[in-house]
Structures are given as C-alpha cells and as structure tokens.
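Visitor: upload.pdb (PDB, C-alpha atoms and all ligand atoms) pasted underneath:
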```
ATOM      1  CA  MET A  13     -13.838 247.098  52.992
ATOM      2  CA  ALA A  14     -17.117 245.280  53.772
ATOM      3  CA  THR A  15     -19.653 244.767  50.977
ATOM      4  CA  VAL A  16     -23.241 245.968  51.349
ATOM      5  CA  ASP A  17     -24.382 242.371  51.977
ATOM      6  CA  GLN A  18     -21.724 241.834  54.675
ATOM      7  CA  PHE A  19     -22.762 245.098  56.310
ATOM      8  CA  LYS A  20     -26.404 244.062  56.295
ATOM      9  CA  THR A  21     -25.479 240.775  58.008
ATOM     10  CA  LEU A  22     -23.545 242.742  60.640
ATOM     11  CA  LEU A  23     -26.585 244.920  61.256
ATOM     12  CA  LYS A  24     -28.726 241.835  61.707
ATOM     13  CA  HIS A  25     -26.239 240.589  64.359
ATOM     14  CA  ALA A  26     -26.385 243.959  66.094
ATOM     15  CA  GLU A  27     -30.147 243.701  66.253
ATOM     16  CA  ASP A  28     -29.824 240.188  67.711
ATOM     17  CA  LEU A  29     -27.527 241.674  70.393
ATOM     18  CA  GLY A  30     -30.370 243.971  71.491
ATOM     19  CA  ILE A  31     -29.324 247.208  69.795
ATOM     20  CA  SER A  32     -32.555 248.875  68.777
ATOM     21  CA  TRP A  33     -33.286 249.853  65.177
ATOM     22  CA  GLU A  34     -33.667 253.507  66.224
ATOM     23  CA  GLN A  35     -30.166 253.495  67.743
ATOM     24  CA  LEU A  36     -28.717 251.927  64.611
ATOM     25  CA  ASN A  37     -30.594 254.281  62.359
ATOM     26  CA  ARG A  38     -28.825 257.253  63.915
ATOM     27  CA  LEU A  39     -25.604 256.107  62.207
ATOM     28  CA  LYS A  40     -25.063 257.830  58.852
ATOM     29  CA  SER A  41     -23.527 254.746  57.270
ATOM     30  CA  VAL A  42     -26.541 252.623  58.287
ATOM     31  CA  ARG A  43     -28.942 255.100  56.685
ATOM     32  CA  ALA A  44     -26.877 255.103  53.488
ATOM     33  CA  ILE A  45     -26.982 251.320  53.254
ATOM     34  CA  GLN A  46     -30.680 251.238  54.018
ATOM     35  CA  ASN A  47     -31.174 253.522  50.985
ATOM     36  CA  ASP A  48     -29.134 251.112  48.885
ATOM     37  CA  GLY A  49     -26.655 253.910  48.198
ATOM     38  CA  LYS A  50     -29.351 256.024  46.487
ATOM     39  CA  LYS A  51     -29.033 259.824  46.666
ATOM     40  CA  TRP A  52     -31.861 261.979  48.084
ATOM     41  CA  HIS A  53     -33.256 262.970  44.659
ATOM     42  CA  GLN A  54     -33.293 259.311  43.536
ATOM     43  CA  ARG A  55     -35.350 258.358  46.576
ATOM     44  CA  ASN A  56     -37.767 261.312  46.303
ATOM     45  CA  PRO A  57     -38.467 261.840  42.596
ATOM     46  CA  LYS A  58     -41.973 263.193  43.251
ATOM     47  CA  VAL A  59     -40.719 265.894  45.607
ATOM     48  CA  LEU A  60     -38.031 266.745  43.075
ATOM     49  CA  TYR A  61     -40.544 267.124  40.223
ATOM     50  CA  ALA A  62     -42.878 269.218  42.391
ATOM     51  CA  GLY A  63     -39.916 271.480  43.252
ATOM     52  CA  LEU A  64     -39.005 271.836  39.590
ATOM     53  CA  VAL A  65     -42.597 272.773  38.703
ATOM     54  CA  VAL A  66     -42.602 275.467  41.427
ATOM     55  CA  LEU A  67     -39.227 276.758  40.184
ATOM     56  CA  PHE A  68     -40.482 276.819  36.585
ATOM     57  CA  SER A  69     -43.594 278.793  37.578
ATOM     58  CA  ILE A  70     -41.464 281.301  39.485
ATOM     59  CA  SER A  71     -39.150 281.699  36.454
ATOM     60  CA  LEU A  72     -42.143 282.165  34.149
ATOM     61  CA  THR A  73     -43.509 284.892  36.424
ATOM     62  CA  SER A  74     -40.115 286.621  36.523
ATOM     63  CA  LEU A  75     -39.846 286.370  32.744
ATOM     64  CA  TYR A  76     -43.317 287.872  32.454
ATOM     65  CA  ARG A  77     -42.331 290.788  34.716
ATOM     66  CA  LEU A  78     -39.109 291.356  32.786
ATOM     67  CA  THR A  79     -40.721 291.271  29.350
ATOM     68  CA  ASP A  80     -43.488 293.479  30.706
ATOM     69  CA  ARG A  81     -40.841 296.035  31.658
ATOM     70  CA  TRP A  82     -39.524 295.847  28.098
ATOM     71  CA  GLY A  83     -43.044 296.737  26.941
ATOM     72  CA  MET A  84     -43.539 293.440  25.089
ATOM     73  CA  LEU A  85     -46.697 292.404  26.835
ATOM     74  CA  GLU A  86     -49.172 295.212  26.489
ATOM     75  CA  ALA A  87     -51.801 292.856  25.142
ATOM     76  CA  PHE A  88     -50.895 290.091  27.581
ATOM     77  CA  LYS A  89     -51.825 291.506  30.995
ATOM     78  CA  PRO A  90     -55.437 292.417  30.455
ATOM     79  CA  ARG A  91     -56.171 289.130  28.708
ATOM     80  CA  ILE A  92     -55.034 287.298  31.807
ATOM     81  CA  LEU A  93     -56.946 289.622  34.053
ATOM     82  CA  HIS A  94     -60.155 289.556  32.123
ATOM     83  CA  PRO A  95     -62.425 286.807  33.470
ATOM     84  CA  TYR A  96     -63.825 285.782  30.110
ATOM     85  CA  ASN A  97     -60.521 285.243  28.391
ATOM     86  CA  LYS A  98     -59.798 281.566  28.211
ATOM     87  CA  CYS A  99     -56.287 281.731  26.849
ATOM     88  CA  LEU A 100     -53.732 282.044  29.646
ATOM     89  CA  LEU A 101     -50.674 282.396  27.446
ATOM     90  CA  PRO A 102     -51.622 284.415  24.373
ATOM     91  CA  SER A 103     -49.619 284.153  21.215
ATOM     92  CA  GLU A 104     -48.018 287.571  21.714
ATOM     93  CA  ALA A 105     -46.371 286.285  24.850
ATOM     94  CA  VAL A 106     -45.230 282.849  23.734
ATOM     95  CA  GLY A 107     -44.756 283.611  20.010
ATOM     96  CA  PRO A 108     -41.238 285.038  20.223
ATOM     97  CA  PHE A 109     -40.041 282.027  22.213
ATOM     98  CA  VAL A 110     -41.612 279.104  20.363
ATOM     99  CA  ARG A 111     -41.851 280.294  16.743
ATOM    100  CA  PRO A 112     -39.847 278.473  14.071
ATOM    101  CA  PRO A 113     -36.848 280.485  12.826
ATOM    102  CA  VAL A 114     -37.363 282.521   9.680
ATOM    103  CA  ASP A 115     -35.555 281.395   6.526
ATOM    104  CA  CYS A 116     -33.637 284.600   5.769
ATOM    105  CA  ASN A 117     -33.721 283.820   2.041
ATOM    106  CA  ASP A 118     -37.411 284.731   2.271
ATOM    107  CA  CYS A 119     -36.690 288.322   3.375
ATOM    108  CA  LYS A 120     -33.256 289.106   1.968
ATOM    109  CA  ASP A 121     -34.750 290.705  -1.170
ATOM    110  CA  VAL A 122     -37.537 292.581   0.619
ATOM    111  CA  THR A 123     -36.324 296.157   0.892
ATOM    112  CA  GLU A 124     -39.545 298.165   0.792
ATOM    113  CA  ILE A 125     -43.292 297.897   1.087
ATOM    114  CA  LEU A 126     -44.929 297.706  -2.311
ATOM    115  CA  TYR A 127     -47.879 299.892  -3.296
ATOM    116  CA  LEU A 128     -50.046 298.051  -5.820
ATOM    117  CA  LYS A 129     -53.487 298.242  -7.388
ATOM    118  CA  ASN A 130     -55.503 296.270  -9.922
ATOM    119  CA  MET A 131     -54.085 293.120  -8.413
ATOM    120  CA  THR A 132     -55.367 289.798  -9.756
ATOM    121  CA  GLN A 133     -55.990 286.707  -7.663
ATOM    122  CA  GLU A 134     -53.585 284.744  -9.868
ATOM    123  CA  LEU A 135     -50.778 287.261  -9.457
ATOM    124  CA  PHE A 136     -51.391 287.562  -5.731
ATOM    125  CA  LEU A 137     -51.294 283.799  -5.265
ATOM    126  CA  GLU A 138     -48.280 283.286  -7.460
ATOM    127  CA  LYS A 139     -46.128 286.214  -6.400
ATOM    128  CA  TYR A 140     -47.125 287.547  -3.003
ATOM    129  CA  ALA A 141     -49.527 285.456  -0.900
ATOM    130  CA  HIS A 142     -46.913 283.292   0.809
ATOM    131  CA  THR A 143     -43.893 285.580   0.612
ATOM    132  CA  MET A 144     -42.572 288.048   3.154
ATOM    133  CA  HIS A 145     -43.378 291.023   0.924
ATOM    134  CA  PRO A 146     -45.663 293.424   2.812
ATOM    135  CA  LEU A 147     -48.047 295.073   0.341
ATOM    136  CA  VAL A 148     -50.423 297.984   0.378
ATOM    137  CA  ILE A 149     -53.263 297.377  -2.043
ATOM    138  CA  GLN A 150     -54.499 300.864  -2.777
ATOM    139  CA  ASP A 151     -57.849 299.883  -4.271
ATOM    140  CA  GLY A 152     -58.378 296.990  -1.840
ATOM    141  CA  GLN A 153     -61.807 298.070  -0.576
ATOM    142  CA  LYS A 154     -63.448 298.277  -4.016
ATOM    143  CA  GLY A 155     -67.232 297.915  -3.692
ATOM    144  CA  TRP A 156     -67.294 298.018   0.118
ATOM    145  CA  THR A 157     -69.554 300.266   2.183
ATOM    146  CA  ALA A 158     -67.733 299.665   5.481
ATOM    147  CA  SER A 159     -65.743 302.902   5.433
ATOM    148  CA  LYS A 160     -68.975 304.899   5.171
ATOM    149  CA  THR A 161     -70.804 302.826   7.799
ATOM    150  CA  PHE A 162     -68.410 301.764  10.552
ATOM    151  CA  SER A 163     -68.081 304.318  13.319
ATOM    152  CA  TYR A 164     -68.167 304.305  17.103
ATOM    153  CA  GLU A 165     -71.939 304.993  16.988
ATOM    154  CA  TYR A 166     -72.454 302.119  14.519
ATOM    155  CA  PHE A 167     -70.678 299.637  16.816
ATOM    156  CA  LYS A 168     -72.740 300.914  19.712
ATOM    157  CA  THR A 169     -75.980 300.175  17.858
ATOM    158  CA  LEU A 170     -74.614 296.800  16.729
ATOM    159  CA  TYR A 171     -73.917 295.734  20.326
ATOM    160  CA  PRO A 172     -76.560 297.635  22.328
ATOM    161  CA  PRO A 173     -75.823 297.699  26.075
ATOM    162  CA  GLY A 174     -77.754 294.841  27.704
ATOM    163  CA  SER A 175     -78.255 292.937  24.419
ATOM    164  CA  GLU A 176     -77.753 289.208  23.919
ATOM    165  CA  ALA A 177     -75.217 289.940  21.143
ATOM    166  CA  LEU A 178     -73.116 292.000  23.538
ATOM    167  CA  ARG A 179     -73.399 289.439  26.331
ATOM    168  CA  TYR A 180     -72.249 286.683  23.950
ATOM    169  CA  ALA A 181     -69.392 288.764  22.529
ATOM    170  CA  VAL A 182     -68.170 289.724  26.005
ATOM    171  CA  ARG A 183     -68.179 286.088  27.074
ATOM    172  CA  HIS A 184     -66.791 284.427  23.981
ATOM    173  CA  CYS A 185     -65.046 286.825  21.601
ATOM    174  CA  GLN A 186     -61.445 287.833  22.152
ATOM    175  CA  PHE A 187     -60.832 291.393  23.246
ATOM    176  CA  PHE A 188     -57.515 293.267  23.032
ATOM    177  CA  PRO A 189     -57.188 296.297  25.326
ATOM    178  CA  TYR A 190     -53.727 297.226  23.934
ATOM    179  CA  GLY A 191     -52.790 298.876  27.187
ATOM    180  CA  SER A 192     -56.002 300.916  27.430
ATOM    181  CA  GLU A 193     -57.872 301.022  30.697
ATOM    182  CA  MET A 194     -60.712 299.149  29.054
ATOM    183  CA  TYR A 195     -61.228 295.447  29.480
ATOM    184  CA  SER A 196     -64.384 294.446  27.602
ATOM    185  CA  LEU A 197     -66.621 295.280  24.686
ATOM    186  CA  ASP A 198     -69.266 296.160  27.260
ATOM    187  CA  GLU A 199     -67.067 298.950  28.578
ATOM    188  CA  PHE A 200     -66.337 300.034  25.005
ATOM    189  CA  VAL A 201     -69.976 300.529  24.015
ATOM    190  CA  SER A 202     -70.778 302.221  27.343
ATOM    191  CA  MET A 203     -68.165 304.996  27.086
ATOM    192  CA  SER A 204     -69.199 308.596  27.739
ATOM    193  CA  GLN A 205     -69.005 310.966  24.765
ATOM    194  CA  ASN A 206     -66.182 312.731  26.552
ATOM    195  CA  ARG A 207     -64.178 309.528  26.724
ATOM    196  CA  VAL A 208     -65.023 308.565  23.121
ATOM    197  CA  GLU A 209     -63.509 311.867  22.031
ATOM    198  CA  GLY A 210     -60.297 311.187  23.965
ATOM    199  CA  ASN A 211     -60.823 313.811  26.656
ATOM    200  CA  GLU A 212     -60.359 311.254  29.434
ATOM    201  CA  ASP A 213     -57.801 308.780  28.088
ATOM    202  CA  ARG A 214     -56.340 307.703  24.763
ATOM    203  CA  TRP A 215     -57.983 304.325  24.201
ATOM    204  CA  TYR A 216     -57.221 301.712  21.557
ATOM    205  CA  ILE A 217     -58.899 298.313  21.461
ATOM    206  CA  GLY A 218     -59.655 295.347  19.218
ATOM    207  CA  TRP A 219     -62.137 292.483  19.237
ATOM    208  CA  SER A 220     -63.190 289.542  17.101
ATOM    209  CA  ASN A 221     -66.507 289.088  15.312
ATOM    210  CA  CYS A 222     -67.099 285.671  16.884
ATOM    211  CA  GLU A 223     -70.782 286.452  17.572
ATOM    212  CA  GLY A 224     -72.760 285.261  14.537
ATOM    213  CA  PHE A 225     -75.540 287.851  14.234
ATOM    214  CA  THR A 226     -73.227 290.858  14.435
ATOM    215  CA  ALA A 227     -70.674 289.119  12.158
ATOM    216  CA  ASN A 228     -73.342 288.851   9.442
ATOM    217  CA  GLU A 229     -74.365 292.475   9.938
ATOM    218  CA  LEU A 230     -70.737 293.623   9.683
ATOM    219  CA  ARG A 231     -70.174 291.497   6.564
ATOM    220  CA  LYS A 232     -72.945 293.308   4.729
ATOM    221  CA  HIS A 233     -70.402 296.111   4.448
ATOM    222  CA  TYR A 234     -67.262 294.288   3.324
ATOM    223  CA  THR A 235     -66.251 291.099   1.559
ATOM    224  CA  MET A 236     -63.084 289.074   1.386
ATOM    225  CA  PRO A 237     -60.654 291.443  -0.454
ATOM    226  CA  TYR A 238     -61.031 290.960  -4.215
ATOM    227  CA  PHE A 239     -57.412 289.892  -4.726
ATOM    228  CA  LEU A 240     -57.607 286.942  -2.294
ATOM    229  CA  PRO A 241     -58.416 283.666  -4.090
ATOM    230  CA  LEU A 242     -61.224 281.656  -2.497
ATOM    231  CA  GLU A 243     -58.862 278.808  -1.714
ATOM    232  CA  LEU A 244     -57.037 281.062   0.782
ATOM    233  CA  ASP A 245     -60.224 281.959   2.666
ATOM    234  CA  HIS A 246     -60.395 279.603   5.655
ATOM    235  CA  SER A 247     -60.725 282.099   8.442
ATOM    236  CA  LYS A 248     -64.121 282.453  10.112
ATOM    237  CA  THR A 249     -62.904 285.205  12.351
ATOM    238  CA  ASP A 250     -62.386 288.849  11.445
ATOM    239  CA  TRP A 251     -60.926 291.483  13.738
ATOM    240  CA  MET A 252     -61.895 295.088  14.348
ATOM    241  CA  PHE A 253     -59.402 297.549  15.806
ATOM    242  CA  ILE A 254     -60.462 301.041  16.769
ATOM    243  CA  GLY A 255     -58.707 303.831  18.622
ATOM    244  CA  LEU A 256     -57.374 307.312  18.949
ATOM    245  CA  PRO A 257     -54.291 308.937  17.390
ATOM    246  CA  GLY A 258     -51.072 308.284  19.261
ATOM    247  CA  ARG A 259     -52.024 304.760  20.257
ATOM    248  CA  GLY A 260     -51.237 301.416  18.626
ATOM    249  CA  ALA A 261     -49.937 297.916  19.165
ATOM    250  CA  SER A 262     -46.445 297.513  20.613
ATOM    251  CA  MET A 263     -43.765 295.491  18.792
ATOM    252  CA  HIS A 264     -44.716 291.823  18.580
ATOM    253  CA  ILE A 265     -44.818 288.820  16.305
ATOM    254  CA  ASP A 266     -48.036 286.962  15.488
ATOM    255  CA  PHE A 267     -48.810 283.334  16.029
ATOM    256  CA  VAL A 268     -51.553 282.742  13.458
ATOM    257  CA  PRO A 269     -51.960 280.181  10.676
ATOM    258  CA  GLY A 270     -50.949 282.420   7.754
ATOM    259  CA  GLY A 271     -50.761 285.928   6.334
ATOM    260  CA  SER A 272     -52.991 288.806   7.409
ATOM    261  CA  TRP A 273     -54.812 291.616   5.691
ATOM    262  CA  GLN A 274     -56.099 294.738   7.347
ATOM    263  CA  ALA A 275     -58.364 297.310   5.699
ATOM    264  CA  GLN A 276     -57.995 300.904   6.893
ATOM    265  CA  LEU A 277     -61.576 302.185   6.949
ATOM    266  CA  SER A 278     -60.911 305.528   8.586
ATOM    267  CA  GLY A 279     -57.954 307.310  10.152
ATOM    268  CA  GLU A 280     -54.347 306.540   9.296
ATOM    269  CA  LYS A 281     -52.049 303.986  10.782
ATOM    270  CA  GLU A 282     -48.295 303.692  10.640
ATOM    271  CA  TRP A 283     -46.855 300.178  10.560
ATOM    272  CA  THR A 284     -43.242 299.430  11.472
ATOM    273  CA  PHE A 285     -41.697 296.115  10.478
ATOM    274  CA  GLU A 286     -38.503 294.766  11.974
ATOM    275  CA  THR A 287     -36.322 291.855  10.927
ATOM    276  CA  PRO A 288     -36.465 288.812  13.198
ATOM    277  CA  PRO A 289     -33.131 288.562  15.096
ATOM    278  CA  GLU A 290     -31.983 285.465  13.201
ATOM    279  CA  CYS A 291     -31.903 287.592  10.004
ATOM    280  CA  TYR A 292     -30.032 290.622  11.367
ATOM    281  CA  GLY A 293     -27.498 291.715   8.785
ATOM    282  CA  ILE A 294     -29.223 289.739   6.006
ATOM    283  CA  CYS A 295     -32.685 291.309   5.757
ATOM    284  CA  THR A 296     -33.743 294.963   5.888
ATOM    285  CA  SER A 297     -33.726 295.857   9.555
ATOM    286  CA  LYS A 298     -36.687 298.240   9.562
ATOM    287  CA  MET A 299     -39.461 299.279   7.148
ATOM    288  CA  MET A 300     -42.295 301.691   7.766
ATOM    289  CA  VAL A 301     -45.497 302.480   5.943
ATOM    290  CA  ARG A 302     -48.476 304.769   6.504
ATOM    291  CA  VAL A 303     -51.769 303.112   5.561
ATOM    292  CA  LYS A 304     -54.565 305.465   4.495
ATOM    293  CA  PRO A 305     -58.339 305.096   4.300
ATOM    294  CA  GLY A 306     -59.366 302.889   1.368
ATOM    295  CA  GLU A 307     -56.134 300.858   1.453
ATOM    296  CA  ILE A 308     -55.496 297.302   2.605
ATOM    297  CA  ILE A 309     -52.180 296.240   4.067
ATOM    298  CA  VAL A 310     -51.136 292.608   3.598
ATOM    299  CA  LEU A 311     -48.370 291.200   5.768
ATOM    300  CA  ASP A 312     -46.899 288.078   7.242
ATOM    301  CA  GLY A 313     -46.994 288.991  10.912
ATOM    302  CA  ASN A 314     -45.637 285.574  11.848
ATOM    303  CA  ARG A 315     -42.308 286.352  10.232
ATOM    304  CA  TRP A 316     -41.935 290.153  10.641
ATOM    305  CA  PHE A 317     -41.953 291.752  14.061
ATOM    306  CA  HIS A 318     -44.409 294.634  13.756
ATOM    307  CA  LYS A 319     -45.959 297.512  15.667
ATOM    308  CA  THR A 320     -48.558 300.138  14.799
ATOM    309  CA  ARG A 321     -49.347 303.761  15.680
ATOM    310  CA  ILE A 322     -52.373 305.802  14.730
ATOM    311  CA  LEU A 323     -51.411 309.063  13.045
ATOM    312  CA  GLY A 324     -53.311 312.219  12.093
ATOM    313  CA  ASN A 325     -56.374 313.497  13.905
ATOM    314  CA  ASP A 326     -59.033 310.913  13.107
ATOM    315  CA  LEU A 327     -60.275 307.850  14.910
ATOM    316  CA  SER A 328     -58.690 304.787  13.277
ATOM    317  CA  ILE A 329     -61.111 301.987  12.385
ATOM    318  CA  VAL A 330     -59.941 298.853  10.625
ATOM    319  CA  ILE A 331     -61.184 295.382   9.846
ATOM    320  CA  GLY A 332     -58.856 292.498   9.123
ATOM    321  CA  SER A 333     -58.470 288.777   8.923
ATOM    322  CA  GLU A 334     -56.078 285.980   8.125
ATOM    323  CA  TYR A 335     -55.619 283.798   5.060
ATOM    324  CA  TYR A 336     -53.746 280.565   4.450
TER     325      TYR A 336
HETATM  326  O1  LIG B   1     -53.744 296.967  13.952
HETATM  327  C1  LIG B   1     -52.999 296.908  14.909
HETATM  328  O2  LIG B   1     -52.792 297.869  15.643
HETATM  329  C2  LIG B   1     -52.265 295.639  15.196
HETATM  330  C3  LIG B   1     -52.740 294.513  14.395
HETATM  331  C4  LIG B   1     -51.792 293.388  14.361
HETATM  332  O3  LIG B   1     -50.798 293.352  15.020
HETATM  333  C5  LIG B   1     -52.099 292.255  13.505
HETATM  334  O4  LIG B   1     -53.101 292.269  12.802
HETATM  335  O5  LIG B   1     -51.315 291.307  13.526
HETATM  336 FE    FE B   2     -49.851 291.426  14.908
END
```
Translate this structure into structure tokens?
Ligand SMILES: O=C(O)CCC(=O)C(=O)O
Ligand SMILES: [Fe+2]
Guide:
Amino acid sequence: MATVDQFKTLLKHAEDLGISWEQLNRLKSVRAIQNDGKKWHQRNPKVLYAGLVVLFSISLTSLYRLTDRWGMLEAFKPRILHPYNKCLLPSEAVGPFVRPPVDCNDCKDVTEILYLKNMTQELFLEKYAHTMHPLVIQDGQKGWTASKTFSYEYFKTLYPPGSEALRYAVRHCQFFPYGSEMYSLDEFVSMSQNRVEGNEDRWYIGWSNCEGFTANELRKHYTMPYFLPLELDHSKTDWMFIGLPGRGASMHIDFVPGGSWQAQLSGEKEWTFETPPECYGICTSKMMVRVKPGEIIVLDGNRWFHKTRILGNDLSIVIGSEYY
C-alpha cells in the first residue's frame, strides 16, 4: 500500500500530465489525503461547536417545557416574560439541577416542625440557625406594628400609581407572579376593588423591597426577628408575599445564601416540606405546618423542597428575609 507521501508524489505527477486539480479532486481518496486523513468534525470544529450550542439550547427549551408541564416552573415563566427582570434563569429553575447534595445526617433526626417561644439568640445560633430543623417561633413578631399596618391599601399608598418609588420598584425589584395573571407591582397597586377581593381571579404575588424609600417606610413596622443574632443579618433585601386563599408557591427548592424566616402578618399559610431525593428513606418524607398570624417560620429552603398554600378566608400577608 502506498504511503501518504508516495500518494502525494503521484498526484503531483498526474498534475504534470495535465490532469486538472478539479478532476483529481472528484476522487474520494484524493480528498481524504488532502485532509491529511482528518474526519469532518476535526476539520470543522467551529461548525461542530455551533451545532452543539444549538442542540443544547433546543434541549434546554424542551426541558423547560417538560418541567413546566410538571408544574415546577410557576415562578419561572413570568420572570422571563417580564421586560424588567434581568435574571434569565431564576434559582427556582436551575436550583434542583445544580444544588449540592444534602448530607442526610442533617435531616435524619428531623421528624416534625418545632413550635417554640422565648427563644434566645444564643440558643438559636447554637441549636437551630444552621440545622435543617424548621421552626415556628410563636412570639416572633414581638414589638412589631406590621401586622396592624400592612394591608393592600397600605401597599397602594406606599407605591402610589405614577410615583417614582413605584417606577423604581417596577424596574429594579424582583417580582414573583406565582402563576397569577399579574406581572408587575404597577399592576398590583392598580387592581380594581373587585379584583382585590378575588372576584375576578385568585392572585398571589411577591416582591422585594429593593427601593430604598419604601424599604425604610416598611421597616418602621418590623425589625430583624429578636432571636436572630446580629452576626447573621447580612441580607439587605426583604420579601413581601400577598395573596388570596387557595393560592401559594408550587414545590421548589431555594437557591439563596442561607436560611430564611417569614413572618405571617395576616391570614394563614400551610407549608409542606419534602425530603430531597438523595435522602429518600433516610429523612422524613413529608412535613406540614400551618403558620398563623403573629408567628414566624424559620426554614432552610435550600435543603428542603417546599410549597405553600394560603388557608382560611383572609388575605395572607407576610414579610421575610434570609440570614447567613
Ligand atoms: O411564601 C411563599 O409562598 C413562598 C416563599 C418561599 O418559597 C420562600 O421564602 O422560600
Ligand atoms: Fe422558597
């Protein structure tokens, strides 16, 4: 069999004999030698990478559709659709796929949600702050006036339609429609009384206090919960969630720096916690708790899958934040 070099010499002779390069190039063997034996993908790496990127995007879209059908992405869609949301892949969507696995030793002894009061900062830090024990602190809102002040009308006066505060919040603060047909704080404060009362649709939304003036106004009515030591208070952002009975957040896992607390100001909310799949058979598969006005729930939403549902007849209003 001729070597590549011998074949190249033969080709040169052929050219000298007046056989054109086009004629030679029609031969498969000539083309193979010209490419130095390289396969198509070795000769066209850029085309290959571009193809892979297209394929990856198509898979991501299919995955999105599939998970959407499973009801995992209620919070995902509107955030993509809303023009002011900067984050294309919110934590709810990527969290389940990129989170570190839970050490099942951390949940194997957690069998129920603890109801506690008169908690001290020392005890909280030592025994609960970084564990997987969800707690309900029954006297968590001691000294606050938020439960008497926060209402739909209060939020409407805090962010008056057309105000700079509202414009800023709409542009810069995150908004969670939770599957409601409502995509901005602007729409929220402009609802008709009929819609507020749930006669049009059952709405449930959340937003962050990232606008400074309103954040300060809101904070006149609550403080960092008394049982949280100062060293755990790094979060600048607090979250409000408000909505009608029957609604809530679908099952998800968080992607935040630490634990979360959420103060139930009015209405009642049921929380369901589920073991992450890696701890099936080791940790309690499901725990539920009903949080009432005046209480604060503390949870590690990064390690427990969780969902919520507003119960009773009253509008649920909560404020919450993270600690780490
Ligand atoms: O309050 C809710 O409905 C959901 C809140 C939540 O998932 C969270 O704070 O991590
Ligand atoms: Fe969550």
Visitor: Residues within 9 Å of stretch 199-211 of chain A, please, as a ChimeraX atom specification. Count only C-alpha atoms; anything in the same chain fewer than 3 positions from it doesn't count.
Guide: /A:164-165,167-169,171-173,194-196,214-215,217,256,327
Visitor: Please write as a list in words the full residue list that the PyMOL selection byres (((chain A and resi 295-304) around 8) and not hetatm) yields on this file.
Guide: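 Selected by the PyMOL selection byres (((chain A and resi 295-304) around 8) and not hetatm) in this file: Cys116, Cys119, Lys120, Asp121, Val122, Thr123, Glu124, Ile125, Val148, Gln276, Ser278, Gly279, Glu280, Lys281, Glu282, Trp283, Thr284, Phe285, Glu286, Thr287, Cys291, Tyr292, Gly293, Ile294, Pro305, Gly306, Glu307, Ile308 and Ile309 of chain A.
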Visitor: Which residues fall under the PyMOL selection byres (((chain A and resi 240) around 10) and not hetatm) in this file, as a list of chain:residue names?
Guide: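 Residues picked by the PyMOL selection byres (((chain A and resi 240) around 10) and not hetatm): A:Met131, A:Thr132, A:Gln133, A:Glu134, A:Leu135, A:Phe136, A:Leu137, A:Ala141, A:Met236, A:Pro237, A:Tyr238, A:Phe239, A:Pro241, A:Leu242, A:Glu243, A:Leu244, A:Asp245, A:Trp273, A:Tyr335.
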Visitor: Separation of atom CA of A:Arg111 and atom C2 of ligand LIG 1 (chain B), in Å?
Guide: 18.6 Å
Visitor: Under the PyMOL selection byres (((not hetatm)) within 7 of (chain B and resi 1)), which residues of this model are included? Write them out as a JSON list (two decimals) with C-alpha atoms, in the frame of the given file.
Guide:
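Now in result-v4.json:
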```
[["chain", "number", "residue", "atom", "x", "y", "z"],
["A", 253, "PHE", "CA", -59.40, 297.55, 15.81],
["A", 260, "GLY", "CA", -51.24, 301.42, 18.63],
["A", 261, "ALA", "CA", -49.94, 297.92, 19.16],
["A", 266, "ASP", "CA", -48.04, 286.96, 15.49],
["A", 272, "SER", "CA", -52.99, 288.81, 7.41],
["A", 274, "GLN", "CA", -56.10, 294.74, 7.35],
["A", 313, "GLY", "CA", -46.99, 288.99, 10.91],
["A", 318, "HIS", "CA", -44.41, 294.63, 13.76],
["A", 319, "LYS", "CA", -45.96, 297.51, 15.67],
["A", 320, "THR", "CA", -48.56, 300.14, 14.80],
["A", 321, "ARG", "CA", -49.35, 303.76, 15.68],
["A", 332, "GLY", "CA", -58.86, 292.50, 9.12]]
```
Visitor: Please determine, counting all atoms listed in the file, which residue among A:Phe225, A:Phe109, A:Tyr234, A:Phe188 has the shortest atom-to-atom distance to ligand FE 2 (chain B).
Guide: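 Once distances to ligand FE 2 (chain B) are computed over all atoms listed in the file, the minimum belongs to A:Phe188.
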Visitor: Figure out the distance between atom CA of A:Leu147 and atom CA of A:Arg315, please, to one decimal in Å.
Guide: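 Here the two named atoms are 14.4 Å from each other.
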Visitor: I'd like to know which of A:Ile322, A:Leu39, A:Leu277, A:Met263 is closest to ligand FE 2 (chain B), using only C-alpha atoms and all ligand atoms.
Guide: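 So, comparing all the options, the nearest one is A:Met263.
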Visitor: How many Å separate atom CA of A:Ser163 from atom CA of A:Asp326?
Guide: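 Separation of atom CA of A:Ser163 and atom CA of A:Asp326: 11.2 Å.
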